[in-house]
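Pasting final.tsv here (TSV, C-alpha atoms):
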chain	number	residue	atom	x	y	z
A	71	MET	CA	-34.28	125.70	26.78
A	72	TYR	CA	-30.62	125.59	25.81
A	73	VAL	CA	-28.06	123.88	28.03
A	74	LEU	CA	-25.63	126.65	27.06
A	75	GLU	CA	-26.41	130.02	25.52
A	76	THR	CA	-24.31	133.15	25.16
A	77	ARG	CA	-25.76	136.57	24.34
A	78	GLY	CA	-23.52	139.33	23.04
A	79	LEU	CA	-20.56	137.77	24.84
A	80	THR	CA	-17.53	140.03	24.59
A	81	LYS	CA	-14.00	139.97	25.98
A	82	ALA	CA	-11.44	142.73	25.40
A	83	TYR	CA	-7.77	142.81	26.31
A	84	GLY	CA	-6.02	146.16	26.08
A	85	GLY	CA	-8.81	147.60	23.99
A	86	ARG	CA	-8.76	144.71	21.49
A	87	ARG	CA	-11.85	142.53	21.36
A	88	VAL	CA	-10.86	138.88	21.10
A	89	VAL	CA	-14.51	137.86	21.47
A	90	ASP	CA	-17.05	140.31	20.07
A	91	GLY	CA	-20.83	140.09	20.50
A	92	PHE	CA	-20.73	136.29	20.41
A	93	ASP	CA	-24.04	134.37	20.35
A	94	MET	CA	-23.98	130.58	20.84
A	95	HIS	CA	-26.76	128.00	21.29
A	96	VAL	CA	-26.12	124.47	22.56
A	97	ALA	CA	-29.16	122.23	22.99
A	98	GLU	CA	-29.49	119.34	25.42
A	99	GLY	CA	-27.92	116.18	24.00
A	100	ASP	CA	-25.73	117.97	21.45
A	101	ILE	CA	-22.18	117.08	20.61
A	102	TYR	CA	-21.37	120.60	19.50
A	103	GLY	CA	-18.33	120.94	17.25
A	104	PHE	CA	-16.77	124.36	17.86
A	105	VAL	CA	-14.66	125.27	14.82
A	106	GLY	CA	-12.30	128.18	14.22
A	107	LYS	CA	-8.73	129.09	13.36
A	108	ASN	CA	-6.03	129.60	15.98
A	109	GLY	CA	-6.65	132.92	17.69
A	110	ALA	CA	-10.30	133.08	16.63
A	111	GLY	CA	-11.47	133.15	20.27
A	112	LYS	CA	-12.55	129.54	20.91
A	113	SER	CA	-10.58	129.05	24.13
A	114	THR	CA	-11.58	132.47	25.47
A	115	VAL	CA	-15.26	131.66	24.92
A	116	MET	CA	-14.90	128.35	26.72
A	117	LYS	CA	-13.03	129.98	29.62
A	118	MET	CA	-15.83	132.52	30.04
A	119	VAL	CA	-18.40	129.72	30.06
A	120	ASP	CA	-16.31	127.89	32.66
A	121	SER	CA	-15.96	130.99	34.92
A	122	LEU	CA	-12.19	131.16	34.37
A	123	VAL	CA	-12.40	134.54	32.60
A	124	ARG	CA	-14.81	137.39	33.29
A	125	PRO	CA	-16.69	138.76	30.25
A	126	SER	CA	-16.24	142.41	29.34
A	127	ALA	CA	-19.88	142.47	28.21
A	128	GLY	CA	-22.75	140.13	27.43
A	129	GLU	CA	-23.84	137.11	29.38
A	130	VAL	CA	-23.59	133.35	29.67
A	131	LEU	CA	-26.67	131.27	30.43
A	132	LEU	CA	-26.34	127.72	31.71
A	133	PHE	CA	-29.49	125.59	31.81
A	134	GLY	CA	-31.56	128.71	31.31
A	135	GLN	CA	-30.03	130.61	34.22
A	136	ALA	CA	-27.82	133.67	33.71
A	137	LEU	CA	-24.54	133.50	35.60
A	138	ASP	CA	-23.57	136.27	37.96
A	139	ALA	CA	-21.38	138.68	35.96
A	140	SER	CA	-19.73	139.99	39.15
A	141	VAL	CA	-17.47	136.95	39.42
A	142	GLN	CA	-13.82	137.74	39.99
A	143	GLU	CA	-11.60	136.32	37.29
A	144	GLY	CA	-10.69	132.76	38.25
A	145	GLY	CA	-12.92	132.89	41.33
A	146	ALA	CA	-16.26	131.46	42.41
A	147	ARG	CA	-19.60	132.90	41.42
A	148	ALA	CA	-22.17	134.08	43.89
A	149	ASP	CA	-24.51	131.34	42.68
A	150	VAL	CA	-22.47	128.28	41.74
A	151	ARG	CA	-25.34	125.86	41.13
A	152	PRO	CA	-25.33	126.07	37.31
A	153	ALA	CA	-21.51	126.09	37.15
A	154	MET	CA	-21.33	122.91	39.27
A	155	ARG	CA	-23.15	121.09	36.47
A	156	VAL	CA	-20.28	121.86	34.07
A	157	GLY	CA	-17.11	119.79	33.68
A	158	SER	CA	-14.18	120.99	31.58
A	159	LEU	CA	-10.85	120.13	30.05
A	160	ILE	CA	-9.42	123.40	28.74
A	161	GLU	CA	-5.84	123.70	27.44
A	162	ASN	CA	-4.33	120.97	29.65
A	163	PRO	CA	-5.52	118.41	32.23
A	164	GLY	CA	-3.82	120.14	35.19
A	165	LEU	CA	-2.60	116.90	36.77
A	166	LEU	CA	-0.51	116.53	39.92
A	167	PRO	CA	2.43	114.60	38.39
A	168	ASN	CA	3.57	112.73	41.49
A	169	LEU	CA	0.09	111.45	42.31
A	170	SER	CA	-1.53	108.38	40.82
A	171	ALA	CA	-4.63	108.58	38.65
A	172	LYS	CA	-6.81	107.60	41.59
A	173	ASP	CA	-5.15	110.09	43.96
A	174	ASN	CA	-5.57	112.90	41.40
A	175	LEU	CA	-9.26	112.06	41.27
A	176	MET	CA	-9.54	111.79	45.06
A	177	ALA	CA	-7.92	115.20	45.57
A	178	LYS	CA	-10.49	116.87	43.34
A	179	ALA	CA	-13.40	114.78	44.66
A	180	LEU	CA	-12.66	115.88	48.21
A	181	ALA	CA	-12.35	119.52	47.09
A	182	LEU	CA	-15.75	119.27	45.38
A	183	GLY	CA	-17.35	117.46	48.30
A	184	VAL	CA	-18.31	114.46	46.18
A	185	ALA	CA	-20.36	111.93	48.15
A	186	ASP	CA	-18.68	108.53	48.61
A	187	ALA	CA	-15.55	109.82	46.91
A	188	PRO	CA	-13.60	106.51	46.73
A	189	ALA	CA	-16.45	104.71	44.98
A	190	ARG	CA	-17.03	107.61	42.58
A	191	CYS	CA	-13.31	107.79	41.71
A	192	GLN	CA	-13.22	104.08	40.96
A	193	GLU	CA	-16.32	104.45	38.80
A	194	VAL	CA	-14.70	107.30	36.84
A	195	LEU	CA	-11.49	105.32	36.35
A	196	ARG	CA	-13.53	102.52	34.84
A	197	LEU	CA	-15.54	104.92	32.70
A	198	VAL	CA	-12.44	106.50	31.11
A	199	GLY	CA	-10.61	103.19	30.74
A	200	LEU	CA	-7.92	103.75	33.38
A	201	GLU	CA	-8.97	101.19	35.97
A	202	GLY	CA	-5.75	99.24	35.32
A	203	ALA	CA	-3.56	102.32	35.86
A	204	GLY	CA	-5.12	103.71	39.01
A	205	GLY	CA	-1.89	103.34	41.04
A	206	LYS	CA	0.53	104.63	38.39
A	207	ARG	CA	1.96	108.13	38.81
A	208	SER	CA	0.45	110.46	36.25
A	209	LYS	CA	3.85	111.84	35.18
A	210	ARG	CA	4.50	108.46	33.59
A	211	PHE	CA	1.28	108.55	31.56
A	212	SER	CA	1.17	108.79	27.79
A	213	GLN	CA	-0.52	111.86	26.33
A	214	GLY	CA	-3.64	109.83	25.63
A	215	MET	CA	-3.80	108.59	29.24
A	216	LYS	CA	-3.36	112.17	30.50
A	217	GLN	CA	-6.26	113.30	28.33
A	218	ARG	CA	-8.40	110.44	29.64
A	219	LEU	CA	-7.58	111.36	33.23
A	220	GLY	CA	-8.31	115.02	32.45
A	221	ILE	CA	-11.76	114.02	31.23
A	222	GLY	CA	-12.14	111.85	34.32
A	223	LEU	CA	-11.45	114.90	36.51
A	224	ALA	CA	-14.07	116.82	34.54
A	225	LEU	CA	-16.60	114.03	35.10
A	226	LEU	CA	-16.20	113.71	38.87
A	227	GLY	CA	-19.15	115.94	39.69
A	228	SER	CA	-21.42	114.08	37.24
A	229	PRO	CA	-21.78	117.14	34.97
A	230	ASP	CA	-24.57	117.62	32.49
A	231	LEU	CA	-22.33	119.73	30.22
A	232	LEU	CA	-18.74	118.87	29.27
A	233	LEU	CA	-16.37	121.44	27.68
A	234	LEU	CA	-13.39	120.00	25.79
A	235	ASP	CA	-10.86	122.40	24.25
A	236	GLU	CA	-8.69	120.73	21.56
A	237	PRO	CA	-8.79	117.32	23.29
A	238	PHE	CA	-7.14	115.50	20.34
A	239	ASN	CA	-3.92	117.55	20.42
A	240	GLY	CA	-0.83	115.35	20.66
A	241	LEU	CA	-2.71	112.07	20.37
A	242	ASP	CA	-1.74	109.22	18.05
A	243	PRO	CA	-4.46	107.65	15.84
A	244	GLU	CA	-5.34	105.01	18.44
A	245	GLY	CA	-5.57	107.57	21.23
A	246	THR	CA	-7.70	109.83	19.03
A	247	ARG	CA	-10.09	106.99	18.25
A	248	ASP	CA	-10.37	105.95	21.90
A	249	LEU	CA	-11.04	109.52	23.04
A	250	ARG	CA	-13.66	110.04	20.32
A	251	ASN	CA	-15.41	106.82	21.33
A	252	LEU	CA	-15.35	107.89	24.97
A	253	VAL	CA	-16.98	111.23	24.15
A	254	MET	CA	-19.67	109.50	22.09
A	255	ARG	CA	-20.34	106.98	24.87
A	256	LEU	CA	-20.70	109.74	27.47
A	257	ASN	CA	-23.19	111.46	25.20
A	258	GLU	CA	-25.21	108.42	24.12
A	259	SER	CA	-25.20	106.37	27.34
A	260	PHE	CA	-25.11	109.07	30.01
A	261	GLY	CA	-26.83	111.98	28.27
A	262	VAL	CA	-23.89	114.37	28.69
A	263	THR	CA	-24.04	117.39	26.38
A	264	VAL	CA	-20.56	118.07	24.95
A	265	VAL	CA	-18.95	121.17	23.43
A	266	VAL	CA	-15.68	120.17	21.74
A	267	SER	CA	-13.35	122.53	19.91
A	268	SER	CA	-10.92	120.91	17.51
A	269	HIS	CA	-8.88	121.41	14.35
A	270	VAL	CA	-9.26	117.69	13.61
A	271	LEU	CA	-12.32	118.09	11.40
A	272	ASP	CA	-12.56	114.45	10.36
A	273	GLN	CA	-13.01	113.50	14.03
A	274	LEU	CA	-15.70	116.13	14.55
A	275	ASP	CA	-17.40	114.86	11.41
A	276	ARG	CA	-17.70	111.42	13.00
A	277	MET	CA	-19.38	112.58	16.18
A	278	ALA	CA	-20.77	116.15	16.07
A	279	THR	CA	-24.53	116.64	15.87
A	280	ARG	CA	-24.27	120.43	15.57
A	281	TYR	CA	-21.57	122.96	14.69
A	282	GLY	CA	-20.65	126.54	15.47
A	283	VAL	CA	-18.05	128.41	13.41
A	284	ILE	CA	-16.16	131.36	14.92
A	285	ALA	CA	-13.99	133.90	13.07
A	286	ASP	CA	-12.25	136.88	14.70
A	287	GLY	CA	-14.33	136.51	17.85
A	288	ARG	CA	-17.73	136.44	16.15
A	289	MET	CA	-20.10	133.61	15.40
A	290	VAL	CA	-20.19	133.05	11.65
A	291	ARG	CA	-22.82	130.35	11.54
A	292	GLU	CA	-24.44	127.55	13.54
A	293	MET	CA	-25.75	124.49	11.71
A	294	THR	CA	-26.73	120.88	12.26
A	295	ALA	CA	-24.61	117.96	11.10
A	296	ASP	CA	-27.33	117.12	8.57
A	297	GLU	CA	-27.05	120.61	7.08
A	298	VAL	CA	-23.29	120.23	6.78
A	299	GLN	CA	-23.68	116.86	5.08
A	300	ARG	CA	-26.19	118.28	2.61
A	301	GLU	CA	-23.92	121.17	1.73
A	302	CYS	CA	-20.83	118.95	1.45
A	303	GLY	CA	-22.64	116.03	-0.15
A	304	GLU	CA	-22.42	114.79	-3.70
A	305	SER	CA	-23.70	117.00	-6.49
A	306	LEU	CA	-23.64	117.27	-10.26
A	307	ARG	CA	-22.21	120.21	-12.20
A	308	ILE	CA	-23.95	120.48	-15.55
A	309	LYS	CA	-23.13	122.98	-18.25
A	310	THR	CA	-25.10	123.15	-21.51
A	311	THR	CA	-25.53	125.59	-24.39
A	312	ASP	CA	-28.89	126.68	-22.91
A	313	PRO	CA	-28.50	126.95	-19.11
A	314	ALA	CA	-31.92	128.52	-18.41
A	315	ARG	CA	-33.80	125.82	-20.33
A	316	THR	CA	-31.70	123.07	-18.69
A	317	LEU	CA	-32.42	124.43	-15.22
A	318	ALA	CA	-36.16	124.73	-15.86
A	319	ARG	CA	-36.46	121.21	-17.27
A	320	LEU	CA	-34.41	119.61	-14.51
A	321	GLU	CA	-36.40	121.42	-11.81
A	322	GLU	CA	-39.57	120.11	-13.44
A	323	ALA	CA	-38.20	116.56	-13.62
A	324	TYR	CA	-36.70	116.47	-10.10
A	325	PRO	CA	-38.79	118.73	-7.82
A	326	ARG	CA	-37.11	117.41	-4.64
A	327	ALA	CA	-33.57	118.17	-5.79
A	328	ARG	CA	-31.73	121.41	-4.94
A	329	PHE	CA	-30.47	123.60	-7.76
A	330	THR	CA	-28.17	126.60	-7.98
A	331	MET	CA	-26.98	128.52	-11.03
A	332	GLU	CA	-23.26	129.21	-10.90
A	333	PRO	CA	-21.67	132.42	-12.27
A	334	ASP	CA	-20.39	130.71	-15.43
A	335	GLY	CA	-23.87	129.39	-16.27
A	336	ALA	CA	-23.36	125.87	-14.97
A	337	VAL	CA	-26.22	124.25	-13.05
A	338	ARG	CA	-25.32	122.65	-9.69
A	339	MET	CA	-27.74	119.88	-8.68
A	340	ALA	CA	-27.81	118.18	-5.26
A	341	ASP	CA	-30.12	115.66	-3.55
A	342	GLY	CA	-31.20	114.30	-6.92
A	343	PRO	CA	-30.98	110.87	-8.55
A	344	GLY	CA	-27.72	109.31	-9.70
A	345	ALA	CA	-25.57	110.66	-12.49
A	346	ALA	CA	-26.69	108.01	-14.96
A	347	ALA	CA	-30.37	108.93	-14.56
A	348	VAL	CA	-29.67	112.65	-15.01
A	349	ALA	CA	-27.48	111.99	-18.06
A	350	ALA	CA	-30.30	109.95	-19.61
A	351	ARG	CA	-32.77	112.75	-18.93
A	352	LEU	CA	-30.49	115.32	-20.57
A	353	HIS	CA	-30.26	113.05	-23.60
A	354	GLU	CA	-34.09	112.89	-23.74
A	355	LEU	CA	-34.18	116.70	-23.59
A	356	ASP	CA	-31.76	116.80	-26.53
A	357	ALA	CA	-29.50	119.12	-24.51
A	358	THR	CA	-26.04	119.93	-25.81
A	359	VAL	CA	-23.87	119.10	-22.81
A	360	LEU	CA	-20.57	120.95	-22.46
A	361	GLU	CA	-19.70	119.67	-18.97
A	362	PHE	CA	-21.07	116.94	-16.74
A	363	THR	CA	-19.09	116.46	-13.53
A	364	GLU	CA	-19.78	114.59	-10.30
A	365	MET	CA	-18.68	116.79	-7.38
A	366	ARG	CA	-18.17	116.37	-3.65
A	367	ARG	CA	-17.28	119.33	-1.48
A	368	ASP	CA	-14.38	118.73	0.89
A	369	LEU	CA	-15.34	119.22	4.56
A	370	GLU	CA	-12.15	121.09	5.36
A	371	ASP	CA	-12.59	123.43	2.39
A	372	TYR	CA	-16.19	124.05	3.45
A	373	PHE	CA	-15.26	125.18	6.96
A	374	VAL	CA	-12.27	127.22	5.75
A	375	GLU	CA	-14.59	129.08	3.36
A	376	LEU	CA	-16.98	129.82	6.23
A	377	MET	CA	-14.18	131.03	8.50
A	378	GLU	CA	-12.54	133.19	5.84
A	379	GLY	CA	-15.88	134.62	4.77
A	380	GLY	CA	-16.73	135.40	8.38
A	381	ALA	CA	-13.37	137.11	8.91
A	382	ARG	CA	-13.91	139.30	5.83
A	383	ASN	CA	-17.35	140.32	7.08
A	384	VAL	CA	-15.86	141.30	10.46
A	385	GLN	CA	-13.24	143.49	8.76
A	386	LEU	CA	-15.92	145.23	6.68
A	387	ALA	CA	-18.23	145.85	9.65
Any chance you could give the structure as C-alpha cells?
Amino acid sequence: MYVLETRGLTKAYGGRRVVDGFDMHVAEGDIYGFVGKNGAGKSTVMKMVDSLVRPSAGEVLLFGQALDASVQEGGARADVRPAMRVGSLIENPGLLPNLSAKDNLMAKALALGVADAPARCQEVLRLVGLEGAGGKRSKRFSQGMKQRLGIGLALLGSPDLLLLDEPFNGLDPEGTRDLRNLVMRLNESFGVTVVVSSHVLDQLDRMATRYGVIADGRMVREMTADEVQRECGESLRIKTTDPARTLARLEEAYPRARFTMEPDGAVRMADGPGAAAVAARLHELDATVLEFTEMRRDLEDYFVELMEGGARNVQLA
C-alpha cells in the first residue's frame, strides 16, 4: 500500500491542463524528492493532495483510501480521516505575525482539537528547534525560523505524511542545513513520510530515497535514489578502432558491469573495476585505444535532461 498515490490526476484552468493524467507513488518511509521546472505543476499537485484545490479529473489516494472528489475548493472533505494524517507547508508558512511561535501553534492546535494542546505545542517547539524563541513574535523571525515554525504547524496533528513545497527558498546555507537535518530526523526517528519539492538538487541528493520528475504536468519518471546514483555514477568512455570486439571482450571480462554503445562507437562502461584495471585489460587485448576517459554525470544535468525529454514527449503526444 502506498501512503500517497495519484491516478490520472488532472487540473485545468481555462481549458489549459496544468496537471495532466498525473500518476504518483509514494511508499511508507520515503523521502520523496519531487523535481520539476517552475510552472511544471508541482505546487498544483501538492495542493490537490492537500485538499486546497479540487481536481478536474482523476483521484488522490491517501493510505489506500480514495478522497471524496466532491470537496469544494479550499473546503473540508466529507471524510476527513485520511486528510487529517497529512501535514503541509505549501508556498508560505501562513503565520500570524503579531503572535509568538507558541501562540501560533496554540491557535492551530485549538482549531484542530489537539489533545493537551499546551504540552503538544511545547513538544513541537522543541522538535523544530524553537524552544528558545517560543515567546518571540513571529514577524521578527528570520526566514529560517519562519520555515521551522511552518513545519511545526504542519506537525501539530502528528501527521504520517508531510508535504513540503520548496522549503529551502530564501534560506542561507546554515538554515538550509538545519532544515534538511530536521526533515531527515522526522523521517528516521518518527517514521514520517515526506514529499519535498525543491530546485536545490544537491540538498535532495543528500536526503531523498526516491524521486519523481514532472514536466508540463505529466510524470516523466519515478526512480529510487540508488537508481539515480547508478545512472549518475562514475563510468569509463572507451573508444577503439574495433568497437564491437572491444565491447564483446569487456562484457566477457566484466559480466557484472553495465555497457552501452554510444552513437560514435564509443563504449560506456559503468559499475566495473577501476580505470587502471580496465586499461591493463585493454592492453592485454592488444586494443588500439583512441579515447579513454573517466566520466561522472552531473546530477543537475541528469534531471534537466529528464525534464526536457519529458516536455518534448508531451508536445509530441
- Write out as number ranges by chain which residues come within 12 Å of Glu332 (chain A) when counting all atoms listed in the file, dropping same-chain ones fewer than 3 positions away. A: 306-309, 313-314, 317, 329, 335-339
May I have the residues from that selection written out with C-alpha atoms, as a short mmCIF file (atom, residue, chain, number, x, y, z; two decimals), in the frame of the given file?
data_model
loop_
_atom_site.label_atom_id
_atom_site.label_comp_id
_atom_site.auth_asym_id
_atom_site.auth_seq_id
_atom_site.Cartn_x
_atom_site.Cartn_y
_atom_site.Cartn_z
CA LEU A 306 -23.64 117.27 -10.26
CA ARG A 307 -22.21 120.21 -12.20
CA ILE A 308 -23.95 120.48 -15.55
CA LYS A 309 -23.13 122.98 -18.25
CA PRO A 313 -28.50 126.95 -19.11
CA ALA A 314 -31.92 128.52 -18.41
CA LEU A 317 -32.42 124.43 -15.22
CA PHE A 329 -30.47 123.60 -7.76
CA GLY A 335 -23.87 129.39 -16.27
CA ALA A 336 -23.36 125.87 -14.97
CA VAL A 337 -26.22 124.25 -13.05
CA ARG A 338 -25.32 122.65 -9.69
CA MET A 339 -27.74 119.88 -8.68
#
Around region 282-299 of chain A, fit a box with edges along x, y and z, padding it by 4 Å on each side, then list its centre and edge lengths in Å to one decimal as AutoDock Vina command-line options.
--center_x -19.8 --center_y 126.9 --center_z 11.5 --size_x 23.1 --size_y 28.0 --size_z 20.8
- Might you pull out every residue within 12 Å of Arg326 (chain A), with all atoms listed in the file counted and same-chain residues fewer than 5 positions away left off, and present them as an MDAnalysis selection string? chainID A and resid 320:321 339:343
- Report the distance between CA of Phe133 (chain A) and CA of Val194 (chain A) in Å, rounded to one decimal place.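 One can read the CA of Phe133 (chain A) to CA of Val194 (chain A) distance as 24.1 Å.
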Determine, using all atoms listed in the file, which residues of region 269-347 of chain A have any atom at most 12 Å from an atom of region 247-257 of chain A, and tabulate each with its shortest atom pair and distance in Å to one decimal place, rows ordered by chain and then rising number, as a Markdown table.
| residue | atom | partner | partner_atom | distance |
| --- | --- | --- | --- | --- |
| A:Val270 | CA | A:Arg250 | CA | 11.1 |
| A:Asp272 | CA | A:Arg250 | CA | 10.9 |
| A:Gln273 | CA | A:Arg250 | CA | 7.2 |
| A:Leu274 | CA | A:Arg250 | CA | 8.6 |
| A:Asp275 | CA | A:Arg250 | CA | 10.8 |
| A:Arg276 | CA | A:Arg250 | CA | 8.5 |
| A:Met277 | CA | A:Met254 | CA | 6.7 |
| A:Ala278 | CA | A:Met254 | CA | 9.0 |
| A:Thr279 | CA | A:Met254 | CA | 10.6 |
Keeping only C-alpha atoms, write the selected residues as a PDB file, in the frame of the given file.
ATOM      1  CA  VAL A 270      -9.260 117.690  13.610  1.00  0.00           C
ATOM      2  CA  ASP A 272     -12.560 114.450  10.360  1.00  0.00           C
ATOM      3  CA  GLN A 273     -13.010 113.500  14.030  1.00  0.00           C
ATOM      4  CA  LEU A 274     -15.700 116.130  14.550  1.00  0.00           C
ATOM      5  CA  ASP A 275     -17.400 114.860  11.410  1.00  0.00           C
ATOM      6  CA  ARG A 276     -17.700 111.420  13.000  1.00  0.00           C
ATOM      7  CA  MET A 277     -19.380 112.580  16.180  1.00  0.00           C
ATOM      8  CA  ALA A 278     -20.770 116.150  16.070  1.00  0.00           C
ATOM      9  CA  THR A 279     -24.530 116.640  15.870  1.00  0.00           C
TER      10      THR A 279
END
- Separation of CA of Gly157 (chain A) and CA of Asp120 (chain A), in Å?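 These two atoms are separated by 8.2 Å.
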- Query: Taking all atoms listed in the file into account, which of A:Leu352, A:Leu360, A:Ala346, A:Val290 comes nearest Gly106 (chain A)?
  - Reply: A:Val290
- Item | Among the residues A:Gly240, A:Ala327, A:Met176, A:Ala171, the one that comes closest to Lys206 (chain A) [using all atoms listed in the file] |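 Checking each candidate against Lys206 (chain A), we get A:Ala171 as the closest.
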